Amino acid sequence: MKDLLVMKFGGTSMGSAERIRSAADICASVHKERPAAVIVSAMSKVTDMLLEALRHAEGGDERGVDEMLARLDARHRECCQQLLDPPAQADTQPVLDDILSEFERIARGVLMLGERPPRSVDEAIAVGERLSSTLMAAHLQSRGIDAFALNAREVVVTDAVFGNASPLIEQTREKAANFLAPALQARRLPIITGFNGSTLDGRPTTLGRGGSDFSASILASVLDAGELWIWSDVDGIMSADPRLVSDAKVLNEITYREAAELAYNGAKVLHPRTLAPLMEKDIPVWSKNSFNLDAPGTRIVPETREGPIGPRAVTSMVNVALVTVDPASSAISGTRIMARSLEALATANAEVLALTSSSYRQNFCFLIRTAELPSVIENLEAAFSIELTHGYLHPIDVDLDVGLIAIVGEGMKGHPGLAGRIFTAISAQDVNIIAIAQGSSELTIGVVVRKSGVEKAVRAVHAECRLGA
Ligand code: ADP
Ligand code: ASP
Ligand code: MG
């Protein structure tokens, strides 16, 4: 459907009755003009609250669970009252109650078992989006719009990697054609839960934290949408996180590759996997601010009209770990150890954010997300159990006191001396450079520094490259 517009509203854009009303205004005016599909996040902080309730449950803290349930209930009940007139409230509140009681059933199960099976966690935390989509759809209906809430479990088919599932695109396309396309053709307005899906045999999954962006891009791709608009709380994609750099400026246009590099290297404004489904189809994306409709936003396109222009943005990540694998003797083939380590990382489903090696000592280190560390270590220790036991490998070293800074831009390769300027600017702040991660892509330079130096280094690089307003 080439005229279809897919829109995604993030947690802050759904954070209160007032915000949902503003989001609904946007939906209503778009829906008048063209077919649209809407993907929503849970109300801000709700996913964190759901996870916290499950942590209390796992720890046997029933009071903690009850408290969290009461807070979740109050937040959505209040929003329902503020958003809907009494008859619509009477229809909608029981739906919210049912959804929340599904969560309660799982939480009580976790409390009894004393553990949180990943599959139950996924089913439980998808509740946040089910609550918010119910509220948004009910509000639009009360305004006379033919909207309906849809659980993405019915449409988005994924593998069974609970907590970080990947879509099965062909199966999702088929379901979207059956479940969604007819409604869209009839000019109905689906309000779809972001973040979740289900396996082919119907087990609930989620796409990783912040995954509603990814849900939106998956659906835009399988529905052959004309455009995707991602509504957030910033004026677009900026030259740096405005919370770290006060003169960060909005970029009018960036390429898919730049946006993907920024997202992978920590720019929270987009989930890292958002761009991939869109790139295949050249579907343009806008990053827009639901708090500031006058700002045009950032357009993300296959090629920028502005041409290759060097560094454009700097981003950072602190929830990372530097893991070093170090052969004890030069008689051991470092290349083989590296190959086997990468195999272990693949088994752990971990992503390598940066990799550096020393040909002389044959050792190498790689940067991964802290969330992936336990499974990475488990797999590395299993893969090298003999070498570690017999001392052919030094014990695997993990450094958690690190952060990654990434400087991103098309055409950086054509800027001789840039890397030197960046390193000098960072060093001038008394921040030690631990590793340089020449990513495989020519549009990113990555630098690993001590955690305490990350923010200083981001500001120094932003200033040195004159990225600001
Ligand atoms: P949503 O809830 O709408 O998905 P997020 O909180 O996930 O929104 O992402 C928006 C936030 O991303 C912004 O508030 C901003 O602080 C942060 N951010 C980090 N890097 C950037 C960047 N380069 N450009 C814009 N925002 C950024
Ligand atoms: N609600 C989910 C989260 O907080 C997904 C999202 O908001 O994108 O991670
Ligand atoms: Mg987000």
# chains A, B, ... in the order shown; residues from 1 in each chain; ligands from 1
>>> closest_atom_pairs(of="chain A", to="ligand 3", cutoff="8 Å", atoms="only C-alpha atoms and all ligand atoms", output="CSV")
residue,atom,partner,partner_atom_place_in_ligand_line,distance
A:Gly10,CA,ligand 3,1 (Mg),5.9
A:Gly11,CA,ligand 3,1 (Mg),7.2
A:Gly210,CA,ligand 3,1 (Mg),4.5
A:Gly211,CA,ligand 3,1 (Mg),7.1
A:Ser212,CA,ligand 3,1 (Mg),7.0
A:Asp213,CA,ligand 3,1 (Mg),6.5
A:Ser232,CA,ligand 3,1 (Mg),7.5
A:Lys268,CA,ligand 3,1 (Mg),6.1
A:Val269,CA,ligand 3,1 (Mg),5.6
A:Leu270,CA,ligand 3,1 (Mg),5.9
A:His271,CA,ligand 3,1 (Mg),6.3
>>> select_by_dssp(residues="segment 79-222 of chain A", states="strand (DSSP E or B)", output="number ranges by chain")
A: 147-150, 157-158, 167, 189-193, 196-199, 204-206
>>> select_by_dssp(residues="segment 175-254 of chain A", states="helix (DSSP H, G or I)", output="MDAnalysis selection string")
chainID A and resid 175:185 212:222
>>> residues_near_ligand(ligand="ligand 2", cutoff="8 Å", atoms="only C-alpha atoms and all ligand atoms", output="list of chain:residue names")
A:Gly10, A:Gly11, A:Val40, A:Ser41, A:Ala42, A:Met43, A:Ser44, A:Lys45, A:Val46, A:Thr47, A:Asp48, A:Ala126, A:Gly128, A:Glu129, A:Gly194, A:Phe195, A:Gly208, A:Arg209, A:Gly210, A:Gly211, A:Ser212, A:Asp213, A:Phe214, A:His271
>>> residues_near_ligand(ligand="ligand 1", cutoff="10 Å", atoms="only C-alpha atoms and all ligand atoms", output="MDAnalysis selection string")
chainID A and resid 8:15 40:45 209:213 230:245 248:251 259 262:263 265:271 287:290 298 312:317
>>> closest_residue(among="A:Gln89, A:Ser375, A:Ser427, A:Thr347", to="Arg450 of chain A", atoms="only C-alpha atoms")
A:Ser427
>>> atom_distance(atom1="atom CA of Ala276 of chain A", atom2="atom CA of Gln171 of chain A")
17.1 Å
>>> closest_residue(among="A:Leu443, A:Ala220, A:Cys79, A:Ala186", to="Glu258 of chain A", atoms="only C-alpha atoms")
A:Leu443
>>> residues_around(residues="Pro272 of chain A", least_positions_apart="5", cutoff="8 Å", atoms="only C-alpha atoms", output="PyMOL selection string")
chain A and resi 260-261+263-264
>>> closest_residue(among="A:His390, A:Arg130, A:Arg19, A:Arg34", to="Leu4 of chain A", atoms="only C-alpha atoms")
A:Arg34
